Amino acid sequence: MKLYKLLKYDIKIGILKRWYLYFLVFVGAVLGGLGYYYNLVQRGLANTKGLTVINIFMYLFAGKEQFNPEVNSAFVFPIEWLLLFVFEVFIVMDYAKSNLLGHGVQVILRMHERNLWWCSKCVWVIVSTVLYFAIIYCAILLDCLLLKIPISINFSNTVNEKLIDLSFISISQIDIILFIIVAPFFTALAANFLQLILTLFMKETHAFLVIVTWLFASTYYKNILLIGNYAMIKRNKLCIEGGIDSQWAIIIDLFIVVLCIILGMFTLRKYDIIKK
Amino acid sequence: MVELENVTKIIRHNSVLKSVSFKFEKGNVYGIKGVNGSGKTMLLRMISGLIYPTEGKVLYEGKILGKEISFPKSIGVLIENPSFIDSYTGFNNLKLLTSLNDIVGDDEIRETLLRVGLEPDDKRKYKKYSLGMKQRLGIAAAIVENPEIILFDEPLNALDTKGVELFDKIIKEEKQKGKLIIMTCHDEKKLYSYSNKILFMENGVLKEVEELE
């Protein structure tokens, strides 16, 4: 019951009172979808047979091939992919810590239990992440309705090939769902939890910069320790030899989340609630 | 009720509290005096359970804070600048806080706001409050749920004459209810008028305890 009340408080203060951030996500995603369509029109691909909503999602989560210094070309960051994940971690950056050192002092004293406060913040992070992705998916679905792009689980290889240099001879529907929903969500969740735990040891902005650097590094290198790789289709084993296995990626993401929850519980037990 | 046993607190290699031992009893008002940086606020934070000792222990009704319990069961605090939700009115801020425990209703919230001299139906949001009004709301938040222990850190900050008069009355009433009140106050004359006992802190050390009654 106490956890429920605390969670209600966190949803109210940490999400509803910060509605403008989520509104910004919605506007950004709608504009992003329209931008994608404009790109298609420019390249004469707007009427390509088989173009569906999945093409937009694949574009969003395609990521980038690993940086190869031998190839004589500059590395171009996957801007959309980075924006999506950086803004995701930005949204959850400061709420928990600033709450703990501000208004949350009154709250935690009334709860009589430090772990309860931590559990509520963990659930809040999960809810925020779900909401973030739900808003993006809804905004893109809205774009598709407006632009009359079919909403289907199939997709056009031609469009993917020309736009993101990605094509599949065959791919299961489960893999598509892993690529565009499950892997990005769990990767973002793991990044958010890592940031949450880091804020207990450093300033919120520093924790944010650590995670952003990690995400940037992920776009350069293919490495299992750089979790951004898990959310890039182009780094998946279905696309490249020795690529990331989605199932393992999700297991590692979940492991990170669980580890952060446990670590946070132990840290908070001895944590000085004081502005240092 | 609250007992400190050889409490030492080290923050970033600085001893902010040094081997402090003291027993706080119910029904008393304890005033803590000392110059800036002498450890007064740290002592209040320690009693509230917001920080734990590096050495020694703090006991609340025989239970060790940080080991057996996280915080005292019934405590109200005003420590440093109170923090509230900017876009809420005073009433809604207290309602939000009290909704976590549901032990008081709207009538008690209204009554508490009147006690500190705030109008319960005032539609102004917290961000529009003056410093004095913010301080009054901080005092209200500390007492609204009728806690057994009340900690006030510089409660007279930013209060006008009327606010100080109301605070005098609150201390008197809470004392009569048998609460344990521990406070700091830059106005030494006032601190002496509120307190039964004065604790003198110097460089994190409890130097002297003065009985006033």
# chains A, B, ... in the order shown; residues from 1 in each chain; ligands from 1

call {"tool": "closest_atom_pairs", "arguments": {"of": "chain B", "to": "chain A", "cutoff": "10 Å", "atoms": "only C-alpha atoms", "output": "tab-separated table"}}
result
residue	atom	partner	partner_atom	distance
B:Ile11	CA	A:Lys276	CA	8.8
B:Arg12	CA	A:Lys276	CA	9.2
B:Met42	CA	A:Ile274	CA	9.4
B:Arg45	CA	A:Ile274	CA	8.5
B:Met46	CA	A:Asp272	CA	9.5
B:Ser48	CA	A:Leu109	CA	8.0
B:Gly49	CA	A:Leu109	CA	8.2
B:Leu50	CA	A:Ile273	CA	5.1
B:Ile51	CA	A:Asp272	CA	4.5
B:Tyr52	CA	A:Asp272	CA	6.7
B:Pro53	CA	A:Lys270	CA	9.4
B:Thr54	CA	A:Lys270	CA	9.8
B:Gly66	CA	A:Arg269	CA	6.9
B:Lys67	CA	A:Arg269	CA	8.5
B:Ile69	CA	A:Glu113	CA	7.6
B:Ser70	CA	A:Glu113	CA	5.4
B:Phe71	CA	A:His112	CA	5.2
B:Pro72	CA	A:His112	CA	7.0
B:Lys73	CA	A:His112	CA	6.3
B:Ser74	CA	A:Arg110	CA	8.0
B:Ile75	CA	A:Leu109	CA	7.3
B:Gly76	CA	A:Leu109	CA	8.0
B:Val77	CA	A:Gln106	CA	7.7
B:Leu78	CA	A:Gln106	CA	9.0
B:Ile79	CA	A:Val105	CA	9.4
B:Asn81	CA	A:Gly102	CA	9.0
B:Pro82	CA	A:His103	CA	7.8
B:Ser83	CA	A:His103	CA	4.9
B:Phe84	CA	A:His103	CA	5.5
B:Ile85	CA	A:His103	CA	7.3
B:Ser87	CA	A:Lys17	CA	8.8
B:Leu96	CA	A:Tyr9	CA	7.7
B:Leu97	CA	A:Val107	CA	6.6
B:Thr98	CA	A:Arg110	CA	8.4
B:Ser99	CA	A:Lys5	CA	7.7
B:Leu100	CA	A:Lys5	CA	5.7
B:Asn101	CA	A:Arg110	CA	7.0
B:Asp102	CA	A:Lys5	CA	9.7
B:Gly138	CA	A:Gln106	CA	9.9
B:Ala141	CA	A:Gln106	CA	8.2
B:Ala142	CA	A:Gln106	CA	8.6
B:Glu145	CA	A:Arg110	CA	9.6

call {"tool": "write_last_selection", "arguments": {"atoms": "C-alpha atoms", "output": "mmCIF file, in the first residue's frame"}}
result
data_model
loop_
_atom_site.group_PDB
_atom_site.id
_atom_site.type_symbol
_atom_site.label_atom_id
_atom_site.label_comp_id
_atom_site.auth_asym_id
_atom_site.auth_seq_id
_atom_site.Cartn_x
_atom_site.Cartn_y
_atom_site.Cartn_z
ATOM 1 C CA ILE B 11 32.212 13.764 5.657
ATOM 2 C CA ARG B 12 34.993 14.094 3.075
ATOM 3 C CA MET B 42 24.404 17.853 11.169
ATOM 4 C CA ARG B 45 20.138 15.470 10.298
ATOM 5 C CA MET B 46 21.620 12.663 12.363
ATOM 6 C CA SER B 48 16.220 12.553 11.734
ATOM 7 C CA GLY B 49 17.976 9.555 10.137
ATOM 8 C CA LEU B 50 18.876 11.471 6.972
ATOM 9 C CA ILE B 51 22.535 10.762 7.698
ATOM 10 C CA TYR B 52 24.004 7.920 9.719
ATOM 11 C CA PRO B 53 27.009 7.982 12.049
ATOM 12 C CA THR B 54 30.460 6.961 10.853
ATOM 13 C CA GLY B 66 20.264 2.772 9.998
ATOM 14 C CA LYS B 67 20.294 -0.810 11.242
ATOM 15 C CA ILE B 69 14.981 1.180 11.408
ATOM 16 C CA SER B 70 15.612 3.731 8.655
ATOM 17 C CA PHE B 71 13.947 6.722 10.312
ATOM 18 C CA PRO B 72 12.149 7.555 13.575
ATOM 19 C CA LYS B 73 8.562 6.409 13.282
ATOM 20 C CA SER B 74 6.961 9.774 13.930
ATOM 21 C CA ILE B 75 9.033 12.804 13.002
ATOM 22 C CA GLY B 76 8.482 16.229 11.465
ATOM 23 C CA VAL B 77 11.396 18.276 10.199
ATOM 24 C CA LEU B 78 12.254 21.711 8.968
ATOM 25 C CA ILE B 79 15.883 21.482 7.953
ATOM 26 C CA ASN B 81 15.435 25.610 3.061
ATOM 27 C CA PRO B 82 12.159 23.729 2.797
ATOM 28 C CA SER B 83 11.446 22.331 -0.652
ATOM 29 C CA PHE B 84 7.935 22.142 -2.105
ATOM 30 C CA ILE B 85 6.250 21.732 -5.449
ATOM 31 C CA SER B 87 3.178 24.818 -9.096
ATOM 32 C CA LEU B 96 0.321 15.773 -1.379
ATOM 33 C CA LEU B 97 2.640 15.049 1.559
ATOM 34 C CA THR B 98 -0.066 13.879 3.946
ATOM 35 C CA SER B 99 -1.621 11.655 1.269
ATOM 36 C CA LEU B 100 1.404 9.374 1.686
ATOM 37 C CA ASN B 101 0.338 8.341 5.170
ATOM 38 C CA ASP B 102 -3.336 9.307 5.193
ATOM 39 C CA GLY B 138 7.923 24.508 6.007
ATOM 40 C CA ALA B 141 4.784 20.553 6.942
ATOM 41 C CA ALA B 142 6.797 19.657 10.048
ATOM 42 C CA GLU B 145 0.846 15.113 11.046
#

call {"tool": "residues_around", "arguments": {"residues": "Ile151 in chain A", "least_positions_apart": "3", "cutoff": "12 Å", "atoms": "only C-alpha atoms", "output": "JSON, numbers by chain"}}
result
{"A": [50, 51, 52, 53, 54, 55, 56, 57, 137, 138, 140, 141, 142, 143, 144, 145, 146, 147, 148, 154, 155]}

call {"tool": "write_last_selection", "arguments": {"atoms": "C-alpha atoms", "output": "compact mmCIF listing (two decimals), in the first residue's frame"}}
result
# COMPACT_ATOMS: atom_id res chain seq x y z
CA GLY A 50 5.57 -2.67 -49.63
CA LEU A 51 6.54 0.52 -47.75
CA THR A 52 5.08 0.23 -44.24
CA VAL A 53 5.45 1.59 -40.72
CA ILE A 54 8.14 -1.05 -40.13
CA ASN A 55 10.41 0.75 -42.59
CA ILE A 56 10.24 3.86 -40.42
CA PHE A 57 11.02 1.92 -37.26
CA TYR A 137 5.40 4.46 -31.48
CA CYS A 138 2.07 6.31 -31.27
CA ILE A 140 4.89 7.35 -35.83
CA LEU A 141 1.65 5.42 -36.17
CA LEU A 142 -0.10 8.79 -36.38
CA ASP A 143 2.28 9.85 -39.14
CA CYS A 144 1.47 6.65 -41.02
CA LEU A 145 -2.26 7.31 -40.71
CA LEU A 146 -1.80 10.87 -41.97
CA LEU A 147 0.50 9.88 -44.83
CA LYS A 148 -1.45 6.72 -45.64
CA ASN A 154 5.87 -6.50 -43.50
CA PHE A 155 8.28 -3.99 -44.97

call {"tool": "residues_around", "arguments": {"residues": "range 224-228 of chain A", "least_positions_apart": "4", "cutoff": "12 Å", "atoms": "only C-alpha atoms", "output": "VMD selection string"}}
result
chain A and resid 61 to 64 66 78 81 to 82 84 to 86 183 to 192 194 211 to 220 232 to 236 242 to 246 248 to 256

call {"tool": "select_by_dssp", "arguments": {"residues": "range 15-252 of chain A", "states": "helix (DSSP H, G or I)", "output": "VMD selection string"}}
result
chain A and resid 16 to 42 53 to 61 79 to 91 95 to 101 104 to 111 114 to 147 157 to 164 173 to 199 204 to 220 227 to 231 233 to 235 246 to 252

call {"tool": "atom_distance", "arguments": {"atom1": "CA of Thr112 in chain B", "atom2": "CA of Ile143 in chain B"}}
result
7.5 Å
